[in-house]
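To keep things clear, I will list the structure first and then write my remarks on it.
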Amino acid sequence: MSPQKTKFPVDIEKMGRSATYKTSLGAAFLGDSLQLLEKLPDNSINLVFTSPPFALQREKEYGNKGQNEYVEWLAEFAEIVYRKLKDDGSFVLDLGGAYEKGKPVRSLYNFRIPIYFCDKIGFFLAEDFYWFNPSKLPSPIEWVNKRKIRAKDSVNTIWWFSKTEFPKSDVTKVLTEYSDRMKKLLEDPEKFYDAKKRPSGHDISKAFAKDNGGAIPSNLLQIPNTDSNGQYLRGCKNLGLKAHPARFPSKLPEFFIRFLTEPGDLVVDIFAGSNTTGFVAEAEGRHWLAFENELQYLATSSFRFMDEDISEHNMNIAYQKIMVNDSIEIISDTLQLTLLEEASTYQA
Ligand SMILES: C[S@@+](CC[C@H](N)C(=O)[O-])C[C@H]1O[C@@H](n2cnc3c(N)ncnc32)[C@H](O)[C@@H]1O
């Protein structure tokens, strides 16, 4: 099935504005996702995967809410997401932990979110996940590096919300590599294993020695945030532009997109940033929508979808076009042609 031939699951002509850029499977829109989400039909999205601006003590360059007002701010988005999700859809939120301002005491904001979303909005917490990023730098400097009274914080909470108790999911799509011990067992079950009861009472029968193609993953996802983001960073560097300061690694959306959706489904990121989610969705054959309210983040995110051999000149033309609110279409092979036709209008 060619992805170009599948029909887009929603009518993007009804978004009330042109897409900033479109690809074979998705479209990125500039604006406040509170308004953009409302343009989508109810019960239309399979997965919203996103990482909102966190409630940090220090303001990031793109602005973020203080910890107190944070839950209510995010709940406004979540209420609309609830309506727009299909009944078997999922809403997956990546939230970093934070300290209270000036004190070595953790904020409870990321734990208040699932309580509020389940009690007040009607979501279920299908499962709690934890993203362990071993490459995270120690912080906050005052408590960890200087006074040495707290350990390094290297885990984000990832809440998987659903509208029903049985959202679409298939863990066989995200199996992990077997441990060395399990590999040995599979090679020679007779020699390695005597069927017996474990101290826990679990009956470990020979059926345990069946090769299922991989192990069931745990809810602790170990993913270093060291993606090279080749094409994206190359574009930013060549054009002298700043890359997004808070990108997540592509393995993170990849896990949930494979786990919770099927090819042709619709995946939406409502705080898209550099559009890692859309890029992974495209690679996985899913339709996608990206909403982001900073034009420059959206403009540079388009580099991700361009052919690897695109010239710096054409990248710049595409970027300039987006920055003057023109729409571009990035259908790999045709991009170069589409842009060359426009080349005379823009300065390289
Ligand atoms: C943590 S970043 C997301 C980074 C993204 N996951 C990536 O890999 O690049 C959050 C983004 O949300 C955007 N944002 C904040 N409020 C928004 C809103 N109301 N509508 C759309 N985007 C918003 C910010 O500009 C920022 O780029």
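By convention here, the chains of the structure tokens are called A, B, ... in the order presented, each chain's residues are numbered starting at 1, and ligands are numbered starting at 1 in the order presented.
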Mind running range 49-150 of chain A against range 221-245 of chain A at 8 Å and telling me each contacting residue's nearest atom pair with the distance in Å (one decimal), counting only C-alpha atoms, chain and number ascending, as a tab-separated table?
```
residue	atom	partner	partner_atom	distance
A:Phe129	CA	A:Leu221	CA	7.3
A:Tyr130	CA	A:Leu221	CA	6.1
A:Trp131	CA	A:Leu221	CA	4.8
A:Phe132	CA	A:Gln222	CA	4.7
A:Asn133	CA	A:Pro224	CA	4.7
A:Pro134	CA	A:Pro224	CA	5.6
A:Ser135	CA	A:Pro224	CA	5.5
A:Lys136	CA	A:Asn225	CA	7.4
```
As an mmCIF file with C-alpha atoms, in the first residue's frame, which residues of range 217-325 of chain A does DSSP assign to strand (DSSP E)?
```cif
data_model
loop_
_atom_site.group_PDB
_atom_site.id
_atom_site.type_symbol
_atom_site.label_atom_id
_atom_site.label_comp_id
_atom_site.auth_asym_id
_atom_site.auth_seq_id
_atom_site.Cartn_x
_atom_site.Cartn_y
_atom_site.Cartn_z
ATOM 1 C CA LEU A 220 10.693 1.601 32.430
ATOM 2 C CA LEU A 221 11.926 2.800 29.059
ATOM 3 C CA GLN A 222 15.667 3.331 28.928
ATOM 4 C CA LEU A 266 -3.991 9.393 12.972
ATOM 5 C CA VAL A 267 -1.329 10.560 15.453
ATOM 6 C CA VAL A 268 -1.387 14.160 16.738
ATOM 7 C CA ASP A 269 1.246 16.133 18.677
ATOM 8 C CA HIS A 287 -1.016 9.891 9.322
ATOM 9 C CA TRP A 288 -0.028 12.790 11.562
ATOM 10 C CA LEU A 289 -0.855 16.367 12.528
ATOM 11 C CA ALA A 290 1.546 18.676 14.351
ATOM 12 C CA PHE A 291 0.406 21.848 16.173
ATOM 13 C CA GLU A 292 2.992 24.381 17.343
#
```
> For Ala299 in chain A, which residue out of A:Ile149, A:Ala209, A:Leu108, A:Ala28 is the nearest one, using only C-alpha atoms?
Replying inline: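 Residue with the minimum atom-to-atom distance to Ala299 in chain A: A:Ala28.
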>> Taking only C-alpha atoms and all ligand atoms into account, list the residues no farther than 9 Å from ligand 1, as JSON, numbers by chain.
In response: {"A": [30, 31, 32, 33, 34, 35, 36, 49, 50, 51, 52, 53, 54, 61, 62, 63, 64, 77, 94, 95, 243, 244, 245, 246, 247, 248, 249, 250, 253, 269, 270, 271, 272, 273, 274, 275, 276, 277, 290, 291, 292, 293, 294, 295, 297, 298, 301]}
Which residues of range 81-130 of chain A have any atom within 9 Å of an atom in range 155-179 of chain A when counting only C-alpha atoms, and what is the closest pair of atoms for each, with the distance in Å to one decimal? Order the rows by chain and rising number and write it as a Markdown table.
```
| residue | atom | partner | partner_atom | distance |
| --- | --- | --- | --- | --- |
| A:Tyr82 | CA | A:Lys163 | CA | 7.0 |
| A:Leu85 | CA | A:Lys163 | CA | 7.8 |
| A:Lys86 | CA | A:Lys163 | CA | 8.0 |
| A:Asp87 | CA | A:Lys163 | CA | 5.8 |
| A:Asp88 | CA | A:Pro167 | CA | 4.1 |
| A:Gly89 | CA | A:Pro167 | CA | 5.7 |
| A:Ser90 | CA | A:Ser162 | CA | 4.7 |
| A:Phe91 | CA | A:Phe161 | CA | 5.0 |
| A:Val92 | CA | A:Trp160 | CA | 4.5 |
| A:Leu93 | CA | A:Trp159 | CA | 5.2 |
| A:Asp94 | CA | A:Ile158 | CA | 4.4 |
| A:Leu95 | CA | A:Thr157 | CA | 5.4 |
| A:Gly96 | CA | A:Asn156 | CA | 4.5 |
| A:Gly97 | CA | A:Asn156 | CA | 6.2 |
| A:Asn110 | CA | A:Thr157 | CA | 7.4 |
| A:Phe111 | CA | A:Thr157 | CA | 8.7 |
| A:Ile113 | CA | A:Trp159 | CA | 8.8 |
| A:Pro114 | CA | A:Trp159 | CA | 7.2 |
| A:Phe117 | CA | A:Phe161 | CA | 8.5 |
| A:Cys118 | CA | A:Phe161 | CA | 8.4 |
| A:Gly122 | CA | A:Lys163 | CA | 7.2 |
| A:Phe123 | CA | A:Lys163 | CA | 5.2 |
| A:Phe124 | CA | A:Ser162 | CA | 5.2 |
| A:Leu125 | CA | A:Phe161 | CA | 4.7 |
| A:Ala126 | CA | A:Phe161 | CA | 5.4 |
| A:Glu127 | CA | A:Trp160 | CA | 5.4 |
| A:Asp128 | CA | A:Trp159 | CA | 5.0 |
| A:Phe129 | CA | A:Ile158 | CA | 4.8 |
| A:Tyr130 | CA | A:Thr157 | CA | 4.8 |
```
Keeping only N, CA and C atoms, take the residues you just selected and write them out as a short mmCIF file (atom, residue, chain, number, x, y, z; two decimals), in the first residue's frame.
```cif
data_model
loop_
_atom_site.label_atom_id
_atom_site.label_comp_id
_atom_site.auth_asym_id
_atom_site.auth_seq_id
_atom_site.Cartn_x
_atom_site.Cartn_y
_atom_site.Cartn_z
N TYR A 82 -9.88 14.75 25.01
CA TYR A 82 -10.82 13.67 25.37
C TYR A 82 -11.93 13.55 24.32
N LEU A 85 -10.51 12.30 20.74
CA LEU A 85 -9.99 10.94 20.65
C LEU A 85 -11.08 9.96 20.26
N LYS A 86 -10.70 8.94 19.51
CA LYS A 86 -11.63 7.83 19.27
C LYS A 86 -11.84 7.10 20.60
N ASP A 87 -12.89 6.31 20.70
CA ASP A 87 -13.15 5.62 21.97
C ASP A 87 -12.02 4.70 22.38
N ASP A 88 -11.34 4.11 21.38
CA ASP A 88 -10.21 3.23 21.74
C ASP A 88 -8.88 3.96 21.59
N GLY A 89 -8.94 5.29 21.59
CA GLY A 89 -7.72 6.10 21.41
C GLY A 89 -6.95 6.31 22.72
N SER A 90 -5.75 6.85 22.59
CA SER A 90 -4.88 7.07 23.75
C SER A 90 -4.29 8.47 23.73
N PHE A 91 -4.01 8.94 24.95
CA PHE A 91 -3.38 10.25 25.13
C PHE A 91 -2.14 10.01 26.00
N VAL A 92 -0.96 10.19 25.41
CA VAL A 92 0.27 9.88 26.14
C VAL A 92 1.05 11.18 26.36
N LEU A 93 1.34 11.44 27.64
CA LEU A 93 1.96 12.72 28.05
C LEU A 93 3.30 12.49 28.70
N ASP A 94 4.33 13.13 28.17
CA ASP A 94 5.66 13.05 28.77
C ASP A 94 5.87 14.29 29.66
N LEU A 95 6.12 14.06 30.94
CA LEU A 95 6.30 15.19 31.87
C LEU A 95 7.56 15.02 32.71
N GLY A 96 8.41 16.01 32.66
CA GLY A 96 9.63 15.97 33.48
C GLY A 96 9.30 16.38 34.91
N GLY A 97 10.03 15.85 35.87
CA GLY A 97 9.82 16.25 37.26
C GLY A 97 10.44 17.61 37.53
N ASN A 110 3.45 16.88 38.51
CA ASN A 110 3.26 15.81 37.51
C ASN A 110 2.44 14.65 38.06
N PHE A 111 2.35 14.55 39.41
CA PHE A 111 1.49 13.51 40.00
C PHE A 111 0.04 13.99 40.13
N ILE A 113 -1.44 15.64 37.86
CA ILE A 113 -2.06 15.56 36.52
C ILE A 113 -2.94 14.30 36.38
N PRO A 114 -2.41 13.08 36.62
CA PRO A 114 -3.29 11.91 36.43
C PRO A 114 -4.49 11.91 37.37
N PHE A 117 -6.91 14.45 35.78
CA PHE A 117 -7.44 14.00 34.48
C PHE A 117 -8.42 12.83 34.66
N CYS A 118 -8.13 11.95 35.63
CA CYS A 118 -9.02 10.79 35.82
C CYS A 118 -10.26 11.18 36.63
N GLY A 122 -12.40 12.27 33.20
CA GLY A 122 -12.98 10.97 32.85
C GLY A 122 -12.01 10.03 32.19
N PHE A 123 -10.72 10.42 32.09
CA PHE A 123 -9.73 9.51 31.52
C PHE A 123 -9.48 8.34 32.47
N PHE A 124 -8.97 7.25 31.93
CA PHE A 124 -8.40 6.17 32.73
C PHE A 124 -6.89 6.28 32.62
N LEU A 125 -6.19 5.91 33.67
CA LEU A 125 -4.73 5.81 33.56
C LEU A 125 -4.44 4.37 33.13
N ALA A 126 -4.24 4.18 31.81
CA ALA A 126 -4.05 2.82 31.30
C ALA A 126 -2.76 2.23 31.86
N GLU A 127 -1.72 3.04 31.91
CA GLU A 127 -0.47 2.59 32.55
C GLU A 127 0.44 3.79 32.76
N ASP A 128 1.22 3.70 33.81
CA ASP A 128 2.24 4.73 34.05
C ASP A 128 3.56 4.20 33.52
N PHE A 129 4.26 5.02 32.75
CA PHE A 129 5.58 4.66 32.23
C PHE A 129 6.61 5.62 32.79
N TYR A 130 7.86 5.18 32.78
CA TYR A 130 8.96 6.01 33.28
C TYR A 130 10.05 5.99 32.24
#
```
>> At a cut-off of 9 Å, using only C-alpha atoms, what residues contact Asp153 in chain A? Leave out same-chain residues fewer than 4 positions from it and give the result as a list in words.
In response: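 Using only C-alpha atoms, the neighbours found are Gly97, Ala98, Lys136, Leu137, Pro138, Ser139, Pro140 and Val144 of chain A.
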Expected file contents, prior selection, N, CA and C atoms, as an mmCIF file, in the first residue's frame:
```cif
data_model
loop_
_atom_site.group_PDB
_atom_site.id
_atom_site.type_symbol
_atom_site.label_atom_id
_atom_site.label_comp_id
_atom_site.auth_asym_id
_atom_site.auth_seq_id
_atom_site.Cartn_x
_atom_site.Cartn_y
_atom_site.Cartn_z
ATOM 1 N N GLY A 97 10.033 15.849 35.873
ATOM 2 C CA GLY A 97 9.818 16.246 37.263
ATOM 3 C C GLY A 97 10.443 17.610 37.532
ATOM 4 N N ALA A 98 10.097 18.199 38.674
ATOM 5 C CA ALA A 98 10.645 19.525 38.993
ATOM 6 C C ALA A 98 10.772 19.677 40.504
ATOM 7 N N LYS A 136 21.118 12.171 30.893
ATOM 8 C CA LYS A 136 20.660 13.463 31.429
ATOM 9 C C LYS A 136 21.737 14.099 32.315
ATOM 10 N N LEU A 137 21.919 15.396 32.174
ATOM 11 C CA LEU A 137 22.938 16.082 32.987
ATOM 12 C C LEU A 137 22.415 16.284 34.408
ATOM 13 N N PRO A 138 23.327 16.312 35.395
ATOM 14 C CA PRO A 138 22.864 16.504 36.775
ATOM 15 C C PRO A 138 22.199 17.862 36.957
ATOM 16 N N SER A 139 21.066 17.885 37.643
ATOM 17 C CA SER A 139 20.404 19.147 37.978
ATOM 18 C C SER A 139 19.397 18.859 39.084
ATOM 19 N N PRO A 140 18.973 19.880 39.864
ATOM 20 C CA PRO A 140 19.438 21.263 39.829
ATOM 21 C C PRO A 140 20.849 21.361 40.426
ATOM 22 N N VAL A 144 22.316 19.176 43.643
ATOM 23 C CA VAL A 144 23.015 17.960 43.207
ATOM 24 C C VAL A 144 24.531 18.165 43.130
#
```
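Proximity of A:Lys210, A:Arg106, A:Lys120, A:Arg150 to Lys183 in chain A, computed with only C-alpha atoms, is greatest for A:Lys210.
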> Between CA of Phe256 in chain A and CA of Arg17 in chain A, what is the spacing in Å?
Replying inline: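 Atom-to-atom, CA of Arg17 in chain A to CA of Phe256 in chain A, that is 29.1 Å.
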